[in-house]
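Enquirer: Below are the structure tokens for one structure; questions will follow.
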Amino acid sequence: MLPRLAGRLFGLGALVAAGSLAAGTAGAVTAPMLVVDVDTGKVIYSQGATDPWYPASITKLMTTYVALDMVRQGRASMDQLLTISEAAAAEPPSKMGFKPGTQLTLDNALKIIMVKSANDVAWAIGENLGGSIDGFAALMNDTAQRLGMRESRWTNPNGLPDPRQWTSARDMAVLGRALLRDFPENRDLFSISAIQFGRAVMPNHNGLLGRYAGVDGMKTGFICSGGFNVVASANRNGRRILTVVMGQASARERDLKAADLFDYGFGQSSFGWGGQTLTELPASSVAAPPDMRPYICDKRRPMPTDSDSSAVTAGAAAGGNADNANAQLMAVGAQPSSALAFATMNSAALRNRALPPRAPLQPVLVWTGRDPAESAIAATDEAAPAPAKPAARVKVAKPAPQKPAPSRSIAATGATVPQPKLLARHKGAPPASASAFASTGPATAVIAEPRAHKAAVKPVAKPAAKDAKPAAKPAQKTEAKPAVKSARKQDD
């Protein structure tokens, strides 16, 4: 019975591998998938596991290993400050958007790249720890070779598209096991459900966290050329399994297939795995990674993103066209066992399926500078308004008869005369600072009168320097002019 099951598993891998074509060839490719026991390294399920693939942001697992290894060696510190350079700030999203010169600790930087997958922060880690991006890439390649990652080639620390940067599902499983084995004190780094920076809460891109029982990491990734990738770990009853899924058409499909692979892996006995280890997986005959861009980022559909909510919307909008394209892309043979039917199903089979709602987020605070207080001071200084204009407005306002309180919408804009366009834009609730600003001076300084009343008000008497003109005008006309208009005219 057991040899027959093992034969089915290996037969499926051989069948799918036979249908794989090199990059650039019109036809079907195999989406890499792998399930492995973390403690023993035994392979539970494998499909295209050694085929080269574009890693996207799962690259940041390699960046994290190098950084933690440098800390372990005393060459870096979790408290050391990293500086965002102009090159880092210029990296495309996903990013934090920090300005050049911003500093943050390595500890916060690692939390940010694991949750937000910020490319600017990953770039800063590479520049600061490696001396340059090329220097850090050399550290990545040296470390990968030492860990036994045979198919990986690294050129940058964030996983943004580079045709020279490859990996494989097998190599990512090797890396995932090494992170969990070598840095047990940092395991929480991969299971953070969200980070909070200031008032912004950013959930983890990993749609399995808080939705599949036992999942406690690790990292997702997406670029058009590589599709949607994930390296995920889960623990049940003390048994930990690592699953790698690559090349999927949406975050939703990636997450559902990873969940099915976990179900299958936890349902297998350790006696039925066939004894094959990650090291024993045969090398691939595929020469280079396939380019998934024509299938993943079809111009006729919304641009997908590495976020389960956005990706579900994009997949739903794609409808049958996406299902057909994905079915044609992923060539598979007949399944030898219904237990393995999940492994190569296309998106049509997943259309009516969904993971449970996500558990409530538990954000972890991150900040710039050395500590939260320093970050708060910097944020306050940056957000503080220039006091010159309000001070000048209060200074020129003159006492006048009390008028009805001004519109809060106008007060919030700093306007001192009626402005219909501004009123139209500020019909909602006023900002908290509106009432404070309105109270800084007499109400007459910001009076907003109806148009009819404004037209009825006459100009104020001219300054004394011009009173030498013949006093031919009636005195009562001068007295009828309100002083309020003088204050408003000076504000203009």
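A note on labels: chains of the structure tokens are A, B, ... as shown, every chain counts residues from 1, and ligands are counted from 1 in their shown order.
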Run DSSP on the backbone of this structure and report the residues of stretch 138-269 of chain A it assigns to alpha helix (DSSP H), as a PyMOL selection string.

Expert: chain A and resi 138-147+169-182+251-266

Enquirer: Grab the residues selected above and save them as a CSV table (one decimal), in the first residue's frame with N, CA and C atoms.

Expert:
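This went into selection05.csv:
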```
chain,number,residue,atom,x,y,z
A,138,ALA,N,26.1,40.0,-3.0
A,138,ALA,CA,27.2,39.0,-2.9
A,138,ALA,C,27.0,38.2,-1.6
A,139,LEU,N,26.6,38.9,-0.5
A,139,LEU,CA,26.3,38.2,0.8
A,139,LEU,C,25.2,37.2,0.6
A,140,MET,N,24.1,37.7,-0.1
A,140,MET,CA,23.0,36.8,-0.3
A,140,MET,C,23.4,35.5,-1.1
A,141,ASN,N,24.2,35.7,-2.1
A,141,ASN,CA,24.6,34.5,-2.9
A,141,ASN,C,25.5,33.6,-2.1
A,142,ASP,N,26.4,34.2,-1.3
A,142,ASP,CA,27.3,33.3,-0.5
A,142,ASP,C,26.5,32.6,0.5
A,143,THR,N,25.5,33.2,1.2
A,143,THR,CA,24.7,32.6,2.2
A,143,THR,C,23.9,31.5,1.5
A,144,ALA,N,23.3,31.7,0.4
A,144,ALA,CA,22.5,30.7,-0.3
A,144,ALA,C,23.3,29.5,-0.6
A,145,GLN,N,24.5,29.7,-1.1
A,145,GLN,CA,25.4,28.5,-1.4
A,145,GLN,C,25.7,27.7,-0.2
A,146,ARG,N,26.0,28.4,0.9
A,146,ARG,CA,26.3,27.7,2.2
A,146,ARG,C,25.1,26.9,2.7
A,147,LEU,N,23.9,27.4,2.5
A,147,LEU,CA,22.7,26.7,2.9
A,147,LEU,C,22.3,25.6,2.0
A,169,ALA,N,11.2,26.5,-5.9
A,169,ALA,CA,10.4,26.1,-4.7
A,169,ALA,C,11.3,25.3,-3.7
A,170,ARG,N,12.1,24.5,-4.2
A,170,ARG,CA,13.0,23.7,-3.3
A,170,ARG,C,13.9,24.6,-2.5
A,171,ASP,N,14.6,25.6,-3.2
A,171,ASP,CA,15.5,26.5,-2.5
A,171,ASP,C,14.8,27.3,-1.5
A,172,MET,N,13.5,27.8,-1.8
A,172,MET,CA,12.8,28.6,-0.8
A,172,MET,C,12.4,27.7,0.4
A,173,ALA,N,12.1,26.4,0.2
A,173,ALA,CA,11.9,25.5,1.3
A,173,ALA,C,13.1,25.4,2.2
A,174,VAL,N,14.3,25.2,1.5
A,174,VAL,CA,15.5,25.1,2.2
A,174,VAL,C,15.8,26.4,3.1
A,175,LEU,N,15.5,27.6,2.5
A,175,LEU,CA,15.6,28.8,3.2
A,175,LEU,C,14.7,28.9,4.4
A,176,GLY,N,13.4,28.6,4.1
A,176,GLY,CA,12.4,28.7,5.2
A,176,GLY,C,12.8,27.8,6.4
A,177,ARG,N,13.2,26.6,6.1
A,177,ARG,CA,13.7,25.7,7.2
A,177,ARG,C,14.8,26.3,7.9
A,178,ALA,N,15.8,26.9,7.2
A,178,ALA,CA,17.0,27.5,7.8
A,178,ALA,C,16.6,28.6,8.7
A,179,LEU,N,15.7,29.5,8.3
A,179,LEU,CA,15.2,30.6,9.2
A,179,LEU,C,14.6,30.1,10.5
A,180,LEU,N,13.7,29.1,10.4
A,180,LEU,CA,13.1,28.6,11.6
A,180,LEU,C,14.0,27.8,12.5
A,181,ARG,N,15.0,27.2,11.9
A,181,ARG,CA,16.0,26.4,12.6
A,181,ARG,C,17.1,27.2,13.3
A,182,ASP,N,17.6,28.2,12.5
A,182,ASP,CA,18.7,29.0,13.0
A,182,ASP,C,18.4,30.2,13.8
A,251,ALA,N,-3.8,36.3,-5.8
A,251,ALA,CA,-3.5,36.0,-4.4
A,251,ALA,C,-4.5,35.0,-3.8
A,252,ARG,N,-5.7,35.1,-4.2
A,252,ARG,CA,-6.8,34.2,-3.8
A,252,ARG,C,-6.5,32.7,-4.2
A,253,GLU,N,-6.1,32.5,-5.4
A,253,GLU,CA,-5.8,31.1,-5.9
A,253,GLU,C,-4.5,30.6,-5.1
A,254,ARG,N,-3.6,31.5,-5.0
A,254,ARG,CA,-2.3,31.1,-4.2
A,254,ARG,C,-2.7,30.6,-2.8
A,255,ASP,N,-3.5,31.4,-2.1
A,255,ASP,CA,-3.8,31.1,-0.7
A,255,ASP,C,-4.7,29.8,-0.6
A,256,LEU,N,-5.6,29.6,-1.5
A,256,LEU,CA,-6.5,28.4,-1.5
A,256,LEU,C,-5.7,27.2,-1.8
A,257,LYS,N,-4.8,27.2,-2.8
A,257,LYS,CA,-3.9,26.1,-3.1
A,257,LYS,C,-3.0,25.7,-1.9
A,258,ALA,N,-2.4,26.8,-1.3
A,258,ALA,CA,-1.5,26.5,-0.2
A,258,ALA,C,-2.3,25.9,1.0
A,259,ALA,N,-3.6,26.3,1.2
A,259,ALA,CA,-4.4,25.7,2.3
A,259,ALA,C,-4.7,24.3,1.9
A,260,ASP,N,-5.0,24.0,0.7
A,260,ASP,CA,-5.2,22.6,0.3
A,260,ASP,C,-4.0,21.7,0.5
A,261,LEU,N,-2.8,22.3,0.2
A,261,LEU,CA,-1.6,21.5,0.3
A,261,LEU,C,-1.3,21.3,1.8
A,262,PHE,N,-1.6,22.2,2.7
A,262,PHE,CA,-1.5,22.0,4.1
A,262,PHE,C,-2.4,20.9,4.6
A,263,ASP,N,-3.7,20.9,4.1
A,263,ASP,CA,-4.6,19.9,4.4
A,263,ASP,C,-4.1,18.5,4.1
A,264,TYR,N,-3.5,18.4,2.9
A,264,TYR,CA,-3.0,17.2,2.4
A,264,TYR,C,-1.8,16.8,3.3
A,265,GLY,N,-0.9,17.7,3.5
A,265,GLY,CA,0.3,17.4,4.3
A,265,GLY,C,0.0,16.9,5.7
A,266,PHE,N,-0.9,17.6,6.4
A,266,PHE,CA,-1.2,17.2,7.7
A,266,PHE,C,-2.0,15.9,7.8
```

Enquirer: Need to verify the contact set: stretch 35-42 of chain A, 6 Å, only C-alpha atoms, exclusion of same-chain residues closer than 6 positions in sequence. Can you return it as a PyMOL selection string?

Expert: chain A and resi 177+240-243+276-277

Enquirer: Would you save the residues of that selection, restricted to C-alpha atoms, as a PDB file, in the first residue's frame?

Expert:
```
ATOM      1  CA  ARG A 177      13.660  25.684   7.190  1.00  0.00           C
ATOM      2  CA  ARG A 240       5.402  21.882  11.483  1.00  0.00           C
ATOM      3  CA  ILE A 241       4.975  21.817   7.721  1.00  0.00           C
ATOM      4  CA  LEU A 242       6.321  24.223   5.114  1.00  0.00           C
ATOM      5  CA  THR A 243       4.439  24.836   1.847  1.00  0.00           C
ATOM      6  CA  GLN A 276      12.929  11.607  -0.257  1.00  0.00           C
ATOM      7  CA  THR A 277      14.483  14.767   1.170  1.00  0.00           C
TER       8      THR A 277
END
```

Enquirer: Grab the atom CA of A:Leu365 to atom CA of A:Arg211 distance for me, in Å with one decimal place.

Expert: 22.0 Å

Enquirer: Show which residues sit within 9 Å of A:Gly101, as a PyMOL selection string. Count only C-alpha atoms, and ignore same-chain residues fewer than 6 positions away.

Expert: chain A and resi 83-86

Enquirer: Write the residues you've just listed into a file as a compact mmCIF listing (two decimals), in the first residue's frame, and include C-alpha atoms for each of them.

Expert:
```txt
# COMPACT_ATOMS: atom_id res chain seq x y z
CA THR A 83 19.35 55.50 6.66
CA ILE A 84 16.98 55.77 3.71
CA SER A 85 19.01 56.93 0.70
CA GLU A 86 17.68 58.71 -2.37
```

Enquirer: As a short mmCIF file (atom, residue, chain, number, x, y, z; two decimals) with all heavy atoms, in the first residue's frame, please: all residues of stretch 105-323 of chain A that backbone DSSP puts in strand (DSSP E or B).

Expert:
```
data_model
loop_
_atom_site.label_atom_id
_atom_site.label_comp_id
_atom_site.auth_asym_id
_atom_site.auth_seq_id
_atom_site.Cartn_x
_atom_site.Cartn_y
_atom_site.Cartn_z
N THR A 105 15.44 51.64 12.92
CA THR A 105 16.27 50.54 13.40
C THR A 105 16.12 49.33 12.49
O THR A 105 15.12 49.16 11.79
CB THR A 105 15.86 50.14 14.83
OG1 THR A 105 14.50 49.66 14.82
CG2 THR A 105 15.98 51.32 15.79
N ARG A 153 19.89 32.66 -7.62
CA ARG A 153 20.83 33.71 -8.02
C ARG A 153 20.21 35.03 -7.60
O ARG A 153 19.10 35.36 -8.00
CB ARG A 153 21.03 33.69 -9.54
CG ARG A 153 21.61 32.39 -10.06
CD ARG A 153 21.32 32.16 -11.54
NE ARG A 153 21.49 33.36 -12.35
CZ ARG A 153 21.37 33.38 -13.67
NH1 ARG A 153 21.05 32.28 -14.32
NH2 ARG A 153 21.54 34.50 -14.35
N TRP A 166 16.84 34.52 -9.86
CA TRP A 166 16.04 33.31 -9.91
C TRP A 166 16.06 32.62 -8.55
O TRP A 166 16.93 32.85 -7.72
CB TRP A 166 16.61 32.29 -10.91
CG TRP A 166 16.81 32.74 -12.30
CD1 TRP A 166 16.44 33.92 -12.87
CD2 TRP A 166 17.45 31.99 -13.33
NE1 TRP A 166 16.80 33.97 -14.18
CE2 TRP A 166 17.43 32.79 -14.50
CE3 TRP A 166 18.03 30.73 -13.39
CZ2 TRP A 166 17.97 32.35 -15.71
CZ3 TRP A 166 18.57 30.29 -14.60
CH2 TRP A 166 18.53 31.10 -15.74
N THR A 167 15.12 31.71 -8.38
CA THR A 167 15.15 30.77 -7.27
C THR A 167 14.31 29.58 -7.67
O THR A 167 13.97 29.41 -8.85
CB THR A 167 14.63 31.42 -5.97
OG1 THR A 167 14.89 30.55 -4.86
CG2 THR A 167 13.14 31.71 -6.04
N ALA A 194 -0.14 42.51 11.49
CA ALA A 194 -0.20 43.88 10.97
C ALA A 194 0.83 44.72 11.70
O ALA A 194 1.26 44.39 12.81
CB ALA A 194 -1.59 44.47 11.16
N ILE A 195 1.23 45.82 11.07
CA ILE A 195 2.07 46.81 11.73
C ILE A 195 1.30 48.12 11.81
O ILE A 195 0.40 48.38 10.99
CB ILE A 195 3.41 47.03 10.99
CG1 ILE A 195 3.18 47.43 9.52
CG2 ILE A 195 4.29 45.81 11.10
CD1 ILE A 195 4.45 47.84 8.80
N GLN A 196 1.66 48.93 12.79
CA GLN A 196 1.05 50.25 12.93
C GLN A 196 2.16 51.29 12.93
O GLN A 196 3.07 51.26 13.76
CB GLN A 196 0.23 50.37 14.21
CG GLN A 196 -0.41 51.74 14.39
CD GLN A 196 -1.38 51.81 15.55
OE1 GLN A 196 -1.74 50.78 16.11
NE2 GLN A 196 -1.80 53.01 15.92
N PHE A 197 2.07 52.21 11.98
CA PHE A 197 3.01 53.31 11.89
C PHE A 197 2.21 54.60 12.02
O PHE A 197 1.43 54.95 11.12
CB PHE A 197 3.77 53.29 10.57
CG PHE A 197 4.76 54.42 10.41
CD1 PHE A 197 5.93 54.42 11.13
CD2 PHE A 197 4.49 55.48 9.56
CE1 PHE A 197 6.84 55.45 11.00
CE2 PHE A 197 5.39 56.52 9.41
CZ PHE A 197 6.57 56.51 10.14
N ALA A 200 -1.61 54.78 10.91
CA ALA A 200 -1.86 53.85 9.82
C ALA A 200 -1.61 52.41 10.28
O ALA A 200 -0.56 52.10 10.84
CB ALA A 200 -0.96 54.18 8.63
N VAL A 201 -2.57 51.55 10.02
CA VAL A 201 -2.45 50.12 10.31
C VAL A 201 -2.37 49.38 8.97
O VAL A 201 -3.26 49.52 8.13
CB VAL A 201 -3.63 49.61 11.14
CG1 VAL A 201 -3.56 48.09 11.30
CG2 VAL A 201 -3.65 50.29 12.50
N MET A 202 -1.31 48.60 8.78
CA MET A 202 -1.07 47.90 7.52
C MET A 202 -1.08 46.40 7.76
O MET A 202 -0.20 45.89 8.44
CB MET A 202 0.27 48.34 6.92
CG MET A 202 0.28 49.78 6.44
SD MET A 202 1.94 50.51 6.32
CE MET A 202 2.10 51.24 7.96
N PRO A 203 -2.08 45.67 7.24
CA PRO A 203 -2.15 44.23 7.46
C PRO A 203 -1.11 43.48 6.64
O PRO A 203 -0.62 43.96 5.62
CB PRO A 203 -3.57 43.87 6.99
CG PRO A 203 -3.92 44.94 6.01
CD PRO A 203 -3.23 46.18 6.48
N VAL A 215 -1.32 28.38 10.71
CA VAL A 215 -0.34 29.11 9.90
C VAL A 215 0.33 30.19 10.75
O VAL A 215 -0.35 30.98 11.41
CB VAL A 215 -1.01 29.74 8.66
CG1 VAL A 215 -0.08 30.76 8.01
CG2 VAL A 215 -1.38 28.65 7.65
N ASP A 216 1.66 30.21 10.73
CA ASP A 216 2.39 31.19 11.53
C ASP A 216 3.50 31.87 10.72
O ASP A 216 4.47 32.36 11.27
CB ASP A 216 2.99 30.54 12.78
CG ASP A 216 3.82 29.30 12.45
OD1 ASP A 216 4.08 29.05 11.25
OD2 ASP A 216 4.23 28.60 13.39
N GLY A 217 3.39 31.96 9.45
CA GLY A 217 4.35 32.64 8.57
C GLY A 217 4.19 32.08 7.16
O GLY A 217 3.31 31.27 6.93
N MET A 218 5.01 32.51 6.18
CA MET A 218 6.20 33.31 6.34
C MET A 218 6.15 34.56 5.45
O MET A 218 6.19 35.64 5.94
CB MET A 218 7.45 32.50 6.02
CG MET A 218 7.61 31.28 6.96
SD MET A 218 9.15 30.34 6.71
CE MET A 218 10.36 31.49 7.37
N LYS A 219 6.08 34.42 4.07
CA LYS A 219 6.16 35.59 3.20
C LYS A 219 5.53 35.31 1.84
O LYS A 219 5.64 34.23 1.30
CB LYS A 219 7.64 36.00 3.00
CG LYS A 219 7.83 37.29 2.22
CD LYS A 219 7.48 38.50 3.06
CE LYS A 219 7.51 39.79 2.26
NZ LYS A 219 6.36 39.95 1.36
N THR A 220 4.88 36.37 1.33
CA THR A 220 4.31 36.31 -0.02
C THR A 220 5.14 37.15 -0.98
O THR A 220 6.01 37.92 -0.57
CB THR A 220 2.86 36.85 -0.03
OG1 THR A 220 2.89 38.25 0.30
CG2 THR A 220 1.99 36.11 0.96
N GLY A 221 4.83 37.03 -2.27
CA GLY A 221 5.50 37.85 -3.28
C GLY A 221 4.71 37.88 -4.56
O GLY A 221 3.98 36.92 -4.88
N PHE A 222 4.83 38.98 -5.29
CA PHE A 222 4.16 39.08 -6.59
C PHE A 222 4.90 40.04 -7.51
O PHE A 222 5.23 41.16 -7.13
CB PHE A 222 2.72 39.57 -6.43
CG PHE A 222 2.13 40.06 -7.74
CD1 PHE A 222 1.80 39.17 -8.74
CD2 PHE A 222 1.95 41.42 -7.97
CE1 PHE A 222 1.30 39.62 -9.96
CE2 PHE A 222 1.45 41.88 -9.17
CZ PHE A 222 1.12 40.98 -10.17
N ILE A 223 5.19 39.57 -8.70
CA ILE A 223 5.53 40.41 -9.85
C ILE A 223 4.85 39.77 -11.05
O ILE A 223 4.54 38.58 -11.04
CB ILE A 223 7.06 40.55 -10.09
CG1 ILE A 223 7.71 39.19 -10.31
CG2 ILE A 223 7.73 41.32 -8.96
CD1 ILE A 223 9.16 39.26 -10.72
N GLY A 227 4.22 35.82 -11.19
CA GLY A 227 2.92 35.48 -10.62
C GLY A 227 2.91 35.64 -9.11
O GLY A 227 3.77 36.31 -8.52
N PHE A 228 1.95 35.01 -8.47
CA PHE A 228 1.76 35.13 -7.02
C PHE A 228 2.42 33.94 -6.33
O PHE A 228 2.07 32.78 -6.58
CB PHE A 228 0.27 35.18 -6.68
CG PHE A 228 -0.38 36.48 -7.07
CD1 PHE A 228 -0.84 36.67 -8.36
CD2 PHE A 228 -0.52 37.51 -6.15
CE1 PHE A 228 -1.42 37.88 -8.74
CE2 PHE A 228 -1.11 38.71 -6.52
CZ PHE A 228 -1.56 38.90 -7.81
N ASN A 229 3.38 34.24 -5.45
CA ASN A 229 4.16 33.23 -4.75
C ASN A 229 3.93 33.32 -3.25
O ASN A 229 3.61 34.39 -2.73
CB ASN A 229 5.66 33.41 -5.03
CG ASN A 229 5.98 33.46 -6.52
OD1 ASN A 229 5.27 32.89 -7.34
ND2 ASN A 229 7.06 34.14 -6.86
N VAL A 230 4.15 32.21 -2.56
CA VAL A 230 4.10 32.23 -1.10
C VAL A 230 4.98 31.11 -0.55
O VAL A 230 5.06 30.02 -1.13
CB VAL A 230 2.66 32.08 -0.56
CG1 VAL A 230 2.07 30.71 -0.88
CG2 VAL A 230 2.60 32.35 0.95
N VAL A 231 5.67 31.43 0.54
CA VAL A 231 6.32 30.43 1.38
C VAL A 231 5.58 30.50 2.71
O VAL A 231 5.58 31.56 3.36
CB VAL A 231 7.82 30.73 1.57
CG1 VAL A 231 8.45 29.68 2.50
CG2 VAL A 231 8.54 30.78 0.24
N ALA A 232 4.92 29.42 3.11
CA ALA A 232 4.07 29.45 4.30
C ALA A 232 4.41 28.30 5.23
O ALA A 232 4.73 27.19 4.77
CB ALA A 232 2.60 29.38 3.90
N SER A 233 4.35 28.57 6.52
CA SER A 233 4.58 27.53 7.53
C SER A 233 3.35 27.40 8.41
O SER A 233 2.64 28.38 8.65
CB SER A 233 5.82 27.86 8.38
OG SER A 233 5.60 29.07 9.10
N ALA A 234 3.10 26.19 8.87
CA ALA A 234 1.96 25.95 9.76
C ALA A 234 2.35 24.88 10.77
O ALA A 234 3.14 23.97 10.49
CB ALA A 234 0.74 25.51 8.96
N ASN A 235 1.78 24.99 11.96
CA ASN A 235 2.10 24.08 13.06
C ASN A 235 0.81 23.53 13.65
O ASN A 235 -0.07 24.29 14.05
CB ASN A 235 2.90 24.84 14.12
CG ASN A 235 3.44 23.93 15.21
OD1 ASN A 235 3.24 22.72 15.18
ND2 ASN A 235 4.14 24.50 16.17
N ARG A 236 0.71 22.20 13.69
CA ARG A 236 -0.44 21.54 14.31
C ARG A 236 0.05 20.42 15.21
O ARG A 236 0.76 19.53 14.74
CB ARG A 236 -1.39 20.97 13.26
CG ARG A 236 -2.24 22.00 12.55
CD ARG A 236 -3.28 21.32 11.69
NE ARG A 236 -4.04 22.28 10.90
CZ ARG A 236 -4.97 21.94 10.01
NH1 ARG A 236 -5.22 20.65 9.80
NH2 ARG A 236 -5.61 22.86 9.32
N ARG A 239 3.65 19.52 15.11
CA ARG A 239 4.23 19.12 13.82
C ARG A 239 4.17 20.31 12.87
O ARG A 239 3.11 20.88 12.62
CB ARG A 239 3.43 17.96 13.25
CG ARG A 239 3.94 17.45 11.91
CD ARG A 239 3.04 16.34 11.41
NE ARG A 239 3.42 15.89 10.09
CZ ARG A 239 2.62 15.16 9.30
NH1 ARG A 239 1.42 14.83 9.72
NH2 ARG A 239 3.03 14.80 8.11
N ARG A 240 5.33 20.70 12.34
CA ARG A 240 5.40 21.88 11.48
C ARG A 240 5.66 21.48 10.03
O ARG A 240 6.53 20.68 9.74
CB ARG A 240 6.51 22.83 11.96
CG ARG A 240 6.52 24.18 11.23
CD ARG A 240 7.64 25.05 11.75
NE ARG A 240 7.45 25.38 13.15
CZ ARG A 240 6.67 26.38 13.59
NH1 ARG A 240 6.02 27.13 12.73
NH2 ARG A 240 6.55 26.61 14.87
N ILE A 241 4.87 22.08 9.15
CA ILE A 241 4.97 21.82 7.72
C ILE A 241 5.22 23.13 6.99
O ILE A 241 4.69 24.17 7.36
CB ILE A 241 3.69 21.14 7.19
CG1 ILE A 241 3.63 19.68 7.67
CG2 ILE A 241 3.61 21.18 5.67
CD1 ILE A 241 2.37 18.96 7.24
N LEU A 242 6.03 23.06 5.95
CA LEU A 242 6.32 24.22 5.11
C LEU A 242 5.76 23.96 3.72
O LEU A 242 5.98 22.90 3.14
CB LEU A 242 7.83 24.45 5.04
CG LEU A 242 8.31 25.81 4.55
CD1 LEU A 242 8.01 26.90 5.56
CD2 LEU A 242 9.81 25.76 4.29
N THR A 243 5.03 24.95 3.18
CA THR A 243 4.44 24.84 1.85
C THR A 243 4.91 25.99 0.98
O THR A 243 4.93 27.14 1.43
CB THR A 243 2.90 24.85 1.93
OG1 THR A 243 2.46 23.65 2.57
CG2 THR A 243 2.27 24.92 0.55
N VAL A 244 5.28 25.68 -0.26
CA VAL A 244 5.69 26.69 -1.24
C VAL A 244 4.76 26.57 -2.45
O VAL A 244 4.60 25.48 -3.00
CB VAL A 244 7.15 26.51 -1.68
CG1 VAL A 244 7.56 27.62 -2.64
CG2 VAL A 244 8.08 26.48 -0.47
N VAL A 245 4.14 27.67 -2.83
CA VAL A 245 3.30 27.73 -4.03
C VAL A 245 3.76 28.93 -4.85
O VAL A 245 3.90 30.03 -4.32
CB VAL A 245 1.80 27.88 -3.66
CG1 VAL A 245 0.96 28.03 -4.92
CG2 VAL A 245 1.34 26.69 -2.84
N MET A 246 3.97 28.72 -6.16
CA MET A 246 4.49 29.79 -7.01
C MET A 246 3.70 29.85 -8.31
O MET A 246 3.08 28.88 -8.74
CB MET A 246 5.98 29.57 -7.30
CG MET A 246 6.82 29.38 -6.04
SD MET A 246 8.57 29.04 -6.35
CE MET A 246 9.19 30.70 -6.51
N GLY A 247 3.73 31.04 -8.93
CA GLY A 247 3.19 31.19 -10.27
C GLY A 247 1.69 31.21 -10.39
O GLY A 247 1.15 30.93 -11.46
N GLN A 248 0.97 31.57 -9.32
CA GLN A 248 -0.49 31.58 -9.39
C GLN A 248 -1.01 32.88 -9.98
O GLN A 248 -0.33 33.92 -9.96
CB GLN A 248 -1.08 31.34 -8.01
CG GLN A 248 -0.70 30.00 -7.42
CD GLN A 248 -1.05 28.83 -8.33
OE1 GLN A 248 -2.21 28.62 -8.68
NE2 GLN A 248 -0.04 28.06 -8.74
N THR A 277 14.24 13.50 0.49
CA THR A 277 14.48 14.77 1.17
C THR A 277 14.64 15.89 0.14
O THR A 277 14.74 15.64 -1.06
CB THR A 277 15.76 14.69 2.03
OG1 THR A 277 16.89 14.51 1.17
CG2 THR A 277 15.66 13.55 3.03
#
```

Enquirer: Leaving out A:Met114 and any residue of its chain fewer than 2 positions from it, which residues lie within 9 Å of it when counting only C-alpha atoms, given as a ChimeraX atom specification?

Expert: /A:60-61,64,109-112,116-118,189-192,204-205,218-220
